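**Q** File follows, upload-v2.txt with compact mmCIF, C-alpha atoms:
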```
# COMPACT_ATOMS: atom_id res chain seq x y z
CA MET N 922 41.25 36.55 85.01
CA GLY N 923 41.17 40.29 84.40
CA ILE N 924 39.43 41.64 81.29
CA VAL N 925 41.15 44.13 78.98
CA ASN N 926 39.00 45.28 76.06
CA VAL N 927 40.92 46.84 73.18
CA ASN N 928 37.78 48.19 71.54
CA ASP N 929 35.39 51.10 71.87
CA ASP N 930 32.09 49.19 72.03
CA SER N 931 32.39 46.86 75.01
CA PHE N 932 29.06 46.32 76.79
CA SER N 933 30.70 47.31 80.07
CA GLY N 934 32.00 50.59 78.65
CA ASP N 935 35.59 50.03 79.78
CA GLY N 936 37.27 49.46 76.42
CA THR N 937 40.02 51.52 74.83
CA LEU N 938 41.59 51.63 71.38
CA ASP N 939 44.83 53.02 72.84
CA ALA N 940 47.44 50.28 73.32
CA THR N 941 49.23 52.17 76.09
CA GLU N 942 45.98 52.59 78.05
CA ALA N 943 45.18 48.90 77.57
CA LEU N 944 48.59 47.89 78.93
CA ASP N 945 48.14 50.26 81.86
CA GLN N 946 44.83 48.51 82.61
CA ALA N 947 46.60 45.16 82.49
CA CYS N 948 49.25 46.36 84.95
CA LEU N 949 46.57 47.60 87.35
CA GLN N 950 44.70 44.30 87.14
CA VAL N 951 47.84 42.31 87.88
CA ALA N 952 48.61 44.59 90.82
CA ALA N 953 45.07 43.91 92.06
CA GLY N 954 45.69 40.17 92.00
CA ALA N 955 44.92 38.88 88.49
CA ASP N 956 46.62 35.58 87.64
CA ILE N 957 45.52 35.81 84.01
CA VAL N 958 45.01 38.84 81.77
CA ASP N 959 42.49 38.30 78.95
CA ILE N 960 42.96 40.71 76.05
CA GLY N 961 40.26 41.02 73.40
CA ALA N 962 39.96 43.35 70.43
CA GLU N 963 36.41 42.65 69.27
CA SER N 964 33.21 43.06 71.24
CA ALA N 965 31.08 39.93 71.62
CA ARG N 966 27.91 42.03 71.41
CA THR N 967 25.57 40.78 68.72
CA ASN N 968 24.24 44.28 68.04
CA ARG N 969 27.68 45.49 66.94
CA ALA N 970 29.10 44.79 63.49
CA ALA N 971 32.07 42.45 63.26
CA ILE N 972 35.44 44.05 62.61
CA SER N 973 37.78 42.74 59.92
CA VAL N 974 40.53 40.22 60.62
CA GLU N 975 43.07 42.89 59.71
CA GLU N 976 41.68 45.40 62.19
CA GLU N 977 41.50 42.83 64.98
CA CYS N 978 45.11 41.80 64.35
CA GLU N 979 46.27 45.42 64.27
CA ARG N 980 44.62 46.17 67.63
CA LEU N 981 46.13 43.08 69.22
CA ARG N 982 49.62 43.69 67.83
CA GLY N 983 49.68 47.08 69.51
CA VAL N 984 49.18 45.45 72.92
CA LEU N 985 50.75 42.00 72.59
CA GLY N 986 53.86 43.42 70.94
CA LYS N 987 54.59 45.37 74.13
CA TRP N 988 53.52 42.72 76.64
CA LYS N 989 57.05 41.74 77.70
CA GLU N 990 57.91 45.40 78.21
CA ALA N 991 54.81 45.82 80.38
CA LEU N 992 55.68 42.70 82.39
CA ALA N 993 58.86 44.39 83.58
CA ARG N 994 56.80 46.97 85.49
CA MET N 995 54.23 44.56 86.92
CA GLN N 996 54.31 43.43 90.54
CA PRO N 997 52.34 40.57 92.15
CA ARG N 998 49.86 41.38 94.91
CA ASP N 999 50.89 38.45 97.09
CA SER N 1000 53.06 35.34 97.13
CA GLU N 1001 50.21 33.06 96.02
CA GLN N 1002 49.69 34.86 92.72
CA VAL N 1003 50.60 33.08 89.48
CA TRP N 1004 53.81 34.67 88.24
CA PRO N 1005 54.36 35.78 85.62
CA PRO N 1006 50.67 36.27 84.86
CA VAL N 1007 49.23 34.18 82.03
CA LEU N 1008 48.60 36.05 78.76
CA SER N 1009 45.18 35.11 77.38
CA VAL N 1010 43.77 36.37 74.08
CA ASN N 1011 40.02 36.49 73.50
CA THR N 1012 39.50 35.66 69.83
CA TRP N 1013 38.03 32.94 67.64
CA ARG N 1014 39.12 33.46 64.02
CA PRO N 1015 42.04 31.20 62.99
CA GLU N 1016 43.99 33.99 61.30
CA VAL N 1017 43.86 36.08 64.47
CA ILE N 1018 44.63 33.13 66.73
CA LYS N 1019 47.83 32.48 64.77
CA VAL N 1020 48.95 36.10 65.20
CA ALA N 1021 48.11 36.00 68.90
CA LEU N 1022 50.12 32.82 69.42
CA GLU N 1023 53.08 34.16 67.46
CA LEU N 1024 53.08 37.20 69.76
CA GLY N 1025 53.21 35.11 72.92
CA GLY N 1026 49.59 34.26 73.71
CA GLU N 1027 49.49 31.35 76.17
CA LEU N 1028 45.74 30.80 76.36
CA ILE N 1029 43.20 31.31 73.57
CA ASN N 1030 39.75 32.24 74.89
CA ASP N 1031 37.63 30.94 72.01
CA MET N 1032 33.95 31.91 71.97
CA SER N 1033 33.17 30.05 68.73
CA GLY N 1034 32.08 26.83 70.42
CA LEU N 1035 34.71 24.91 68.42
CA PRO N 1036 32.57 23.97 65.39
CA ASP N 1037 35.57 22.14 63.87
CA ASP N 1038 39.12 21.24 64.87
CA GLU N 1039 41.03 24.07 63.14
CA ASN N 1040 41.50 26.27 66.20
CA ALA N 1041 42.44 23.30 68.38
CA ARG N 1042 45.10 22.26 65.87
CA LEU N 1043 46.54 25.77 65.79
CA VAL N 1044 46.72 26.01 69.56
CA ALA N 1045 48.27 22.54 69.79
CA ASP N 1046 50.95 23.49 67.25
CA TYR N 1047 52.10 26.31 69.55
CA GLY N 1048 51.85 24.31 72.77
CA ALA N 1049 49.30 26.77 74.17
CA ALA N 1050 46.03 26.19 76.03
CA LEU N 1051 42.46 26.56 74.75
CA LEU N 1052 39.35 27.77 76.52
CA VAL N 1053 36.22 26.22 75.00
CA MET N 1054 32.97 28.12 75.52
CA HIS N 1055 29.50 26.61 75.25
CA THR N 1056 27.23 28.33 72.76
CA ALA N 1057 24.64 27.35 70.17
CA GLY N 1058 25.80 29.15 67.05
CA PRO N 1059 28.48 31.31 65.43
CA PRO N 1060 29.86 34.35 67.29
CA LYS N 1061 27.95 37.61 66.76
CA GLU N 1062 24.74 35.70 65.92
CA GLU N 1063 21.71 36.69 68.01
CA ARG N 1064 20.11 33.69 69.77
CA THR N 1065 17.89 35.29 72.41
CA GLY N 1066 15.10 32.79 71.79
CA GLN N 1067 17.16 29.67 72.42
CA GLN N 1068 15.39 27.22 74.72
CA TRP N 1069 16.93 24.28 76.59
CA GLU N 1070 14.90 21.53 78.27
CA ASP N 1071 17.97 20.41 80.22
CA ILE N 1072 20.83 22.91 80.21
CA MET N 1073 23.16 20.69 82.27
CA GLY N 1074 22.55 17.72 80.01
CA GLU N 1075 23.36 19.97 77.05
CA LEU N 1076 26.60 21.17 78.68
CA GLU N 1077 27.66 17.60 79.44
CA ARG N 1078 26.97 16.53 75.86
CA PHE N 1079 28.71 19.60 74.42
CA PHE N 1080 31.90 19.41 76.47
CA GLY N 1081 32.22 15.65 75.97
CA GLU N 1082 32.03 16.19 72.21
CA LYS N 1083 34.37 19.19 72.12
CA MET N 1084 37.01 17.60 74.36
CA ASN N 1085 37.11 14.61 72.01
CA LEU N 1086 37.36 16.94 69.02
CA ALA N 1087 40.21 18.96 70.55
CA THR N 1088 42.26 16.00 71.74
CA SER N 1089 41.81 14.23 68.38
CA ALA N 1090 43.29 17.37 66.81
CA GLY N 1091 46.43 16.92 68.91
CA LEU N 1092 45.68 19.22 71.83
CA SER N 1093 46.61 17.75 75.19
CA GLY N 1094 43.61 17.28 77.46
CA ASP N 1095 45.38 19.16 80.25
CA HIS N 1096 45.55 22.22 77.99
CA LEU N 1097 41.76 22.65 77.96
CA VAL N 1098 39.58 24.96 80.07
CA LEU N 1099 35.77 24.76 80.08
CA ASP N 1100 33.47 27.81 79.98
CA PRO N 1101 29.69 27.22 80.34
CA GLY N 1102 29.01 30.44 78.40
CA ILE N 1103 26.89 32.54 80.75
CA ASP N 1104 24.35 34.63 78.77
CA PHE N 1105 25.31 33.03 75.43
CA ALA N 1106 22.22 31.37 73.90
CA LYS N 1107 20.71 30.98 77.38
CA GLN N 1108 17.74 32.33 79.28
CA ARG N 1109 17.87 33.70 82.82
CA GLU N 1110 16.85 30.39 84.42
CA ASP N 1111 19.39 28.47 82.32
CA ASN N 1112 22.18 30.70 83.62
CA LEU N 1113 21.10 30.40 87.25
CA ARG N 1114 20.59 26.66 87.08
CA LEU N 1115 23.95 25.96 85.46
CA ILE N 1116 25.71 27.92 88.20
CA ARG N 1117 23.76 26.01 90.87
CA GLU N 1118 24.71 22.67 89.29
CA LEU N 1119 28.15 23.62 87.97
CA GLY N 1120 29.74 20.80 89.96
CA ARG N 1121 28.43 18.29 87.42
CA LEU N 1122 31.12 19.47 85.01
CA HIS N 1123 33.90 18.18 87.26
CA GLN N 1124 33.43 14.81 85.57
CA PHE N 1125 35.68 16.19 82.80
CA ASN N 1126 38.55 16.87 85.22
CA ARG N 1127 39.30 20.24 83.65
CA PRO N 1128 39.39 23.77 85.12
CA ILE N 1129 36.04 25.56 84.92
CA LEU N 1130 35.92 29.25 84.09
CA LEU N 1131 32.94 31.28 85.28
CA PRO N 1132 32.51 34.49 83.23
CA VAL N 1133 29.73 36.19 85.20
CA SER N 1134 31.11 39.73 85.43
CA ARG N 1135 28.39 42.36 84.94
CA LYS N 1136 26.34 39.94 82.82
CA THR N 1137 22.73 40.43 81.75
CA VAL N 1138 21.49 37.72 84.11
CA ILE N 1139 22.63 39.88 87.04
CA GLY N 1140 20.81 42.88 85.62
CA ASP N 1141 17.67 40.77 85.19
CA VAL N 1142 17.72 39.57 88.79
CA LEU N 1143 18.51 42.98 90.31
CA GLY N 1144 16.76 45.26 87.83
CA LEU N 1145 20.01 47.01 86.90
CA GLU N 1146 20.46 48.24 83.34
CA ASP N 1147 23.92 49.75 83.86
CA PRO N 1148 26.55 46.98 83.66
CA VAL N 1149 28.96 48.91 85.91
CA ALA N 1150 26.36 48.80 88.71
CA ARG N 1151 26.40 44.99 88.70
CA ASP N 1152 29.72 44.39 90.51
CA ALA N 1153 28.09 43.41 93.82
CA GLY N 1154 25.80 41.00 92.00
CA THR N 1155 28.85 39.63 90.22
CA ILE N 1156 30.37 38.73 93.60
CA GLY N 1157 27.16 36.91 94.53
CA LEU N 1158 27.29 34.68 91.45
CA LEU N 1159 31.03 34.24 91.90
CA ALA N 1160 30.49 32.93 95.43
CA ALA N 1161 27.83 30.50 94.20
CA GLY N 1162 30.14 29.30 91.44
CA MET N 1163 33.11 28.95 93.77
CA ALA N 1164 30.99 26.79 96.08
CA GLU N 1165 30.41 24.51 93.08
CA GLY N 1166 34.13 24.32 92.33
CA ALA N 1167 34.72 26.97 89.65
CA GLN N 1168 38.44 27.80 89.59
CA ILE N 1169 38.77 30.77 87.22
CA PHE N 1170 36.68 33.95 87.32
CA ARG N 1171 36.73 36.32 84.35
CA VAL N 1172 36.02 39.78 85.78
CA HIS N 1173 36.26 43.52 85.29
CA ASN N 1174 36.72 44.39 88.97
CA VAL N 1175 39.77 42.33 89.91
CA ASP N 1176 40.31 43.90 93.34
CA ALA N 1177 36.80 43.10 94.63
CA THR N 1178 37.03 39.60 93.20
CA TRP N 1179 40.45 38.98 94.77
CA GLN N 1180 39.11 39.99 98.17
CA ALA N 1181 36.00 37.84 97.82
CA VAL N 1182 37.96 34.78 96.71
CA LYS N 1183 40.43 35.18 99.60
CA VAL N 1184 37.64 35.34 102.17
CA LEU N 1185 35.69 32.44 100.65
CA ALA N 1186 38.86 30.32 100.53
CA ALA N 1187 39.59 31.15 104.18
CA VAL N 1188 36.08 30.08 105.21
CA LYS N 1189 36.44 26.81 103.30
CA ALA N 1190 39.83 26.12 104.89
CA ALA N 1191 38.76 26.94 108.46
CA GLY N 1192 38.68 24.11 110.97
```
Just give me the structure of the file as structure tokens.
**A**
Amino acid sequence: MGIVNVNDDSFSGDGTLDATEALDQACLQVAAGADIVDIGAESARTNRAAISVEEECERLRGVLGKWKEALARMQPRDSEQVWPPVLSVNTWRPEVIKVALELGGELINDMSGLPDDENARLVADYGAALLVMHTAGPPKEERTGQQWEDIMGELERFFGEKMNLATSAGLSGDHLVLDPGIDFAKQREDNLRLIRELGRLHQFNRPILLPVSRKTVIGDVLGLEDPVARDAGTIGLLAAGMAEGAQIFRVHNVDATWQAVKVLAAVKAAG
């Protein structure tokens, strides 16, 4: 899953408010091997003010409205690549989700933690898929002091509850993806432990997304303040997550990730 930020305050510094530039980024990511392109118009950073629903919709319309046109100039990297690539939209407000789905969004990457069933109902109405992220409060709310005695027990409780909520709202269970929410309301040791024990989430029989790209936990371990310098560390966490059965990796550097996944898969398949 390649990341395309249609904003000017992304923590990784790779965002753009220009729709043409954003679509060019998407094309490059697909050429590098991305099966999914995740487009978001609002930064998740808690030290940045929220933008209005209207502004978020306007930014997304500029990109999503030209997605089919951009698809015509995309080429897969190899024969194993998902084609056409899946269009994912990173948003959590119902009004924006509806616009995203009307413009062809196939997967909604929802960072709200699904506090109620409204977003699940919307996604179900359009026959799309929903990515549910673990967190401990509303988006944009700072929770740096959150403590967990048992992070894996919390994740098991959370995903059991949210899967029931989503399916009760009419969303098919096979249209759900689970995201443990690296760096969201978690301390360094929580993040590392959940990656080490990620396999426990296979009890839910759903794809697991690992969004480790350039995250703070990598900077903490390696002493790197610049997010762009964390790509090698990203591959390290990716390999650990893949060993535990993670299937989707949300990343900035698609090419390096594609190469790493290919090599790791070859090792696993050998002999």
**Q** In Å, rounded to a single decimal, give me how far atom CA of N:Arg1114 is from atom CA of N:Met1163.
**A**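 A separation of 14.4 Å between them.
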**Q** Give me, please, the distance in Å between atom CA of N:Asn1112 and atom CA of N:Val1138, quoted to one decimal.
**A**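 Interatomic distance, atom CA of N:Asn1112 to atom CA of N:Val1138: 7.1 Å.
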**Q** Residues of stretch 1096-1177 of chain N within 12 Å of stretch 1028-1043 of chain N: nearest atom pair and distance (Å, one decimal) for each, counting only C-alpha atoms, sorted by chain and number, as a tab-separated table?
**A**
```
residue	atom	partner	partner_atom	distance
N:His1096	CA	N:Leu1028	CA	8.7
N:Leu1097	CA	N:Leu1028	CA	9.2
N:Val1098	CA	N:Asn1030	CA	8.9
N:Leu1099	CA	N:Asn1030	CA	9.9
N:Asp1100	CA	N:Met1032	CA	9.0
N:Pro1101	CA	N:Gly1034	CA	10.2
N:Gly1102	CA	N:Met1032	CA	8.2
N:Ile1103	CA	N:Met1032	CA	11.3
N:Phe1105	CA	N:Met1032	CA	9.4
N:Ala1106	CA	N:Gly1034	CA	11.4
N:Leu1130	CA	N:Asn1030	CA	10.4
N:Pro1132	CA	N:Asn1030	CA	11.3
N:Arg1171	CA	N:Asn1030	CA	10.7
```
**Q** For atom CA of N:Asp1111 and atom CA of N:Glu1075, quote the distance in Å rounded to one decimal.
**A**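 Separation of atom CA of N:Asp1111 and atom CA of N:Glu1075: 10.8 Å.
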**Q** Looking at N:Arg1151, N:Lys987, N:Arg1135, N:Arg1109, which one is nearest to N:Ile924, with distances taken over all atoms listed in the file?
**A**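 Closest candidate: N:Arg1135.
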**Q** Please list as a PDB file with C-alpha atoms, in the coordinates of the input every residue within 9 Å of stretch 1004-1018 of chain N, counting all atoms listed in the file and excluding residues in the same chain fewer than 4 positions away.
**A**
```pdb
ATOM      1  CA  MET N 922      41.250  36.550  85.010  1.00  0.00           C
ATOM      2  CA  VAL N 951      47.840  42.310  87.880  1.00  0.00           C
ATOM      3  CA  ALA N 955      44.920  38.880  88.490  1.00  0.00           C
ATOM      4  CA  ASP N 956      46.620  35.580  87.640  1.00  0.00           C
ATOM      5  CA  ILE N 957      45.520  35.810  84.010  1.00  0.00           C
ATOM      6  CA  VAL N 958      45.010  38.840  81.770  1.00  0.00           C
ATOM      7  CA  ASP N 959      42.490  38.300  78.950  1.00  0.00           C
ATOM      8  CA  ILE N 960      42.960  40.710  76.050  1.00  0.00           C
ATOM      9  CA  GLY N 961      40.260  41.020  73.400  1.00  0.00           C
ATOM     10  CA  ALA N 962      39.960  43.350  70.430  1.00  0.00           C
ATOM     11  CA  GLU N 963      36.410  42.650  69.270  1.00  0.00           C
ATOM     12  CA  VAL N 974      40.530  40.220  60.620  1.00  0.00           C
ATOM     13  CA  GLU N 975      43.070  42.890  59.710  1.00  0.00           C
ATOM     14  CA  GLU N 977      41.500  42.830  64.980  1.00  0.00           C
ATOM     15  CA  CYS N 978      45.110  41.800  64.350  1.00  0.00           C
ATOM     16  CA  LEU N 981      46.130  43.080  69.220  1.00  0.00           C
ATOM     17  CA  LEU N 985      50.750  42.000  72.590  1.00  0.00           C
ATOM     18  CA  TRP N 988      53.520  42.720  76.640  1.00  0.00           C
ATOM     19  CA  LEU N 992      55.680  42.700  82.390  1.00  0.00           C
ATOM     20  CA  MET N 995      54.230  44.560  86.920  1.00  0.00           C
ATOM     21  CA  PRO N 997      52.340  40.570  92.150  1.00  0.00           C
ATOM     22  CA  SER N1000      53.060  35.340  97.130  1.00  0.00           C
ATOM     23  CA  LEU N1022      50.120  32.820  69.420  1.00  0.00           C
ATOM     24  CA  GLU N1023      53.080  34.160  67.460  1.00  0.00           C
ATOM     25  CA  GLY N1025      53.210  35.110  72.920  1.00  0.00           C
ATOM     26  CA  GLY N1026      49.590  34.260  73.710  1.00  0.00           C
ATOM     27  CA  GLU N1027      49.490  31.350  76.170  1.00  0.00           C
ATOM     28  CA  LEU N1028      45.740  30.800  76.360  1.00  0.00           C
ATOM     29  CA  ILE N1029      43.200  31.310  73.570  1.00  0.00           C
ATOM     30  CA  ASN N1030      39.750  32.240  74.890  1.00  0.00           C
ATOM     31  CA  ASP N1031      37.630  30.940  72.010  1.00  0.00           C
ATOM     32  CA  MET N1032      33.950  31.910  71.970  1.00  0.00           C
ATOM     33  CA  SER N1033      33.170  30.050  68.730  1.00  0.00           C
ATOM     34  CA  GLY N1034      32.080  26.830  70.420  1.00  0.00           C
ATOM     35  CA  LEU N1035      34.710  24.910  68.420  1.00  0.00           C
ATOM     36  CA  GLU N1039      41.030  24.070  63.140  1.00  0.00           C
ATOM     37  CA  ASN N1040      41.500  26.270  66.200  1.00  0.00           C
ATOM     38  CA  LEU N1043      46.540  25.770  65.790  1.00  0.00           C
ATOM     39  CA  VAL N1044      46.720  26.010  69.560  1.00  0.00           C
ATOM     40  CA  PRO N1060      29.860  34.350  67.290  1.00  0.00           C
TER      41      PRO N1060
END
```
**Q** Between N:Leu1113, N:Val927, N:Gly954, N:Ser964, single out the one closest to N:Ala1181, counting all atoms listed in the file.
**A**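 The answer is N:Gly954, which sits nearest to N:Ala1181.
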**Q** List the neighbours of N:Val1182 out to 12 Å using all atoms listed in the file; skip same-chain residues closer than 2 positions along the sequence, and give me the result as an MDAnalysis selection string.
**A** chainID N and resid 954:955 1156:1164 1166:1170 1175:1180 1184:1189
**Q** Find the residues near N:Gln946: any atom within 8 Å, counting only C-alpha atoms, skip ones fewer than 4 places away on the same chain, and give them as a list in words.
**A**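 Near neighbours after the sequence-gap exclusion: Val925, Glu942 and Gln950 of chain N.
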**Q** Just checking: using all atoms listed in the file, which residue out of N:Arg1117, N:Arg1127, N:His1173, N:Arg982 ends up closest to N:Thr941?
**A**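 Once distances to N:Thr941 are computed over all atoms listed in the file, the minimum belongs to N:Arg982.
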**Q** Using all atoms listed in the file, which of N:Asp1152, N:Leu949, N:Pro1059, N:Gln1108 sits nearest N:Arg994?
**A**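 Closest to N:Arg994, using all atoms listed in the file: N:Leu949.
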**Q** Restricting the calculation to all atoms listed in the file: of N:Ala993, N:Asp1046, N:Arg998, N:Leu938, which residue gets closest to N:Glu976?
**A**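 Smallest separation from N:Glu976 among the options: N:Leu938.
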**Q** So, counting all atoms listed in the file, which residue among N:Ala1087, N:Ile1116, N:Leu1122, N:Ala970 is closest to N:Glu1063?
**A**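 Comparing N:Ala1087, N:Ile1116, N:Leu1122, N:Ala970 against N:Glu1063, the winner is N:Ala970.
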**Q** Hey, could you patch up stretch 1131-1163 of chain N with N, CA and C atoms and hand it over as a JSON list (two decimals), keeping the file's coordinate frame?
**A**
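Done, and the output landed in rebuild_38.json:
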```json
[["chain", "number", "residue", "atom", "x", "y", "z"],
["N", 1131, "LEU", "N", 34.27, 30.70, 85.10],
["N", 1131, "LEU", "CA", 32.94, 31.28, 85.28],
["N", 1131, "LEU", "C", 32.99, 32.76, 84.89],
["N", 1132, "PRO", "N", 32.45, 33.12, 83.72],
["N", 1132, "PRO", "CA", 32.51, 34.49, 83.23],
["N", 1132, "PRO", "C", 31.21, 35.25, 83.54],
["N", 1133, "VAL", "N", 31.00, 35.59, 84.81],
["N", 1133, "VAL", "CA", 29.73, 36.19, 85.20],
["N", 1133, "VAL", "C", 29.78, 37.71, 85.30],
["N", 1134, "SER", "N", 30.93, 38.31, 85.13],
["N", 1134, "SER", "CA", 31.11, 39.73, 85.43],
["N", 1134, "SER", "C", 30.14, 40.64, 84.69],
["N", 1135, "ARG", "N", 29.29, 41.32, 85.46],
["N", 1135, "ARG", "CA", 28.39, 42.36, 84.94],
["N", 1135, "ARG", "C", 27.42, 41.83, 83.88],
["N", 1136, "LYS", "N", 27.15, 40.54, 83.88],
["N", 1136, "LYS", "CA", 26.34, 39.94, 82.82],
["N", 1136, "LYS", "C", 24.86, 40.31, 82.94],
["N", 1137, "THR", "N", 24.15, 40.09, 81.83],
["N", 1137, "THR", "CA", 22.73, 40.43, 81.75],
["N", 1137, "THR", "C", 21.91, 39.71, 82.80],
["N", 1138, "VAL", "N", 22.25, 38.47, 83.11],
["N", 1138, "VAL", "CA", 21.49, 37.72, 84.11],
["N", 1138, "VAL", "C", 21.48, 38.44, 85.45],
["N", 1139, "ILE", "N", 22.57, 39.11, 85.79],
["N", 1139, "ILE", "CA", 22.63, 39.88, 87.04],
["N", 1139, "ILE", "C", 21.68, 41.07, 86.96],
["N", 1140, "GLY", "N", 21.71, 41.76, 85.82],
["N", 1140, "GLY", "CA", 20.81, 42.88, 85.62],
["N", 1140, "GLY", "C", 19.35, 42.47, 85.69],
["N", 1141, "ASP", "N", 19.04, 41.28, 85.15],
["N", 1141, "ASP", "CA", 17.67, 40.77, 85.19],
["N", 1141, "ASP", "C", 17.21, 40.51, 86.62],
["N", 1142, "VAL", "N", 18.08, 39.90, 87.41],
["N", 1142, "VAL", "CA", 17.72, 39.57, 88.79],
["N", 1142, "VAL", "C", 17.56, 40.83, 89.64],
["N", 1143, "LEU", "N", 18.48, 41.79, 89.45],
["N", 1143, "LEU", "CA", 18.51, 42.98, 90.31],
["N", 1143, "LEU", "C", 17.81, 44.20, 89.72],
["N", 1144, "GLY", "N", 17.38, 44.11, 88.47],
["N", 1144, "GLY", "CA", 16.76, 45.26, 87.83],
["N", 1144, "GLY", "C", 17.74, 46.38, 87.54],
["N", 1145, "LEU", "N", 18.95, 46.02, 87.16],
["N", 1145, "LEU", "CA", 20.01, 47.01, 86.90],
["N", 1145, "LEU", "C", 20.37, 47.02, 85.42],
["N", 1146, "GLU", "N", 20.13, 48.14, 84.76],
["N", 1146, "GLU", "CA", 20.46, 48.24, 83.34],
["N", 1146, "GLU", "C", 21.93, 48.58, 83.11],
["N", 1147, "ASP", "N", 22.53, 49.33, 84.02],
["N", 1147, "ASP", "CA", 23.92, 49.75, 83.86],
["N", 1147, "ASP", "C", 24.86, 48.61, 84.26],
["N", 1148, "PRO", "N", 25.65, 48.08, 83.32],
["N", 1148, "PRO", "CA", 26.55, 46.98, 83.66],
["N", 1148, "PRO", "C", 27.51, 47.29, 84.80],
["N", 1149, "VAL", "N", 27.98, 48.54, 84.88],
["N", 1149, "VAL", "CA", 28.96, 48.91, 85.91],
["N", 1149, "VAL", "C", 28.35, 48.79, 87.31],
["N", 1150, "ALA", "N", 27.03, 48.89, 87.41],
["N", 1150, "ALA", "CA", 26.36, 48.80, 88.71],
["N", 1150, "ALA", "C", 26.18, 47.36, 89.18],
["N", 1151, "ARG", "N", 26.66, 46.40, 88.40],
["N", 1151, "ARG", "CA", 26.40, 44.99, 88.70],
["N", 1151, "ARG", "C", 27.56, 44.29, 89.41],
["N", 1152, "ASP", "N", 28.55, 45.04, 89.90],
["N", 1152, "ASP", "CA", 29.72, 44.39, 90.51],
["N", 1152, "ASP", "C", 29.37, 43.60, 91.77],
["N", 1153, "ALA", "N", 28.48, 44.14, 92.61],
["N", 1153, "ALA", "CA", 28.09, 43.41, 93.82],
["N", 1153, "ALA", "C", 27.37, 42.12, 93.46],
["N", 1154, "GLY", "N", 26.49, 42.20, 92.47],
["N", 1154, "GLY", "CA", 25.80, 41.00, 92.00],
["N", 1154, "GLY", "C", 26.77, 39.99, 91.40],
["N", 1155, "THR", "N", 27.81, 40.51, 90.76],
["N", 1155, "THR", "CA", 28.85, 39.63, 90.22],
["N", 1155, "THR", "C", 29.48, 38.80, 91.33],
["N", 1156, "ILE", "N", 29.77, 39.44, 92.47],
["N", 1156, "ILE", "CA", 30.37, 38.73, 93.60],
["N", 1156, "ILE", "C", 29.43, 37.64, 94.12],
["N", 1157, "GLY", "N", 28.12, 37.92, 94.09],
["N", 1157, "GLY", "CA", 27.16, 36.91, 94.53],
["N", 1157, "GLY", "C", 27.21, 35.66, 93.66],
["N", 1158, "LEU", "N", 27.21, 35.84, 92.34],
["N", 1158, "LEU", "CA", 27.29, 34.68, 91.45],
["N", 1158, "LEU", "C", 28.64, 34.00, 91.56],
["N", 1159, "LEU", "N", 29.69, 34.80, 91.74],
["N", 1159, "LEU", "CA", 31.03, 34.24, 91.90],
["N", 1159, "LEU", "C", 31.09, 33.31, 93.11],
["N", 1160, "ALA", "N", 30.50, 33.75, 94.22],
["N", 1160, "ALA", "CA", 30.49, 32.93, 95.43],
["N", 1160, "ALA", "C", 29.73, 31.62, 95.21],
["N", 1161, "ALA", "N", 28.60, 31.71, 94.50],
["N", 1161, "ALA", "CA", 27.83, 30.50, 94.20],
["N", 1161, "ALA", "C", 28.63, 29.56, 93.32],
["N", 1162, "GLY", "N", 29.32, 30.12, 92.33],
["N", 1162, "GLY", "CA", 30.14, 29.30, 91.44],
["N", 1162, "GLY", "C", 31.33, 28.69, 92.14],
["N", 1163, "MET", "N", 31.95, 29.46, 93.03],
["N", 1163, "MET", "CA", 33.11, 28.95, 93.77],
["N", 1163, "MET", "C", 32.69, 27.79, 94.67]]
```
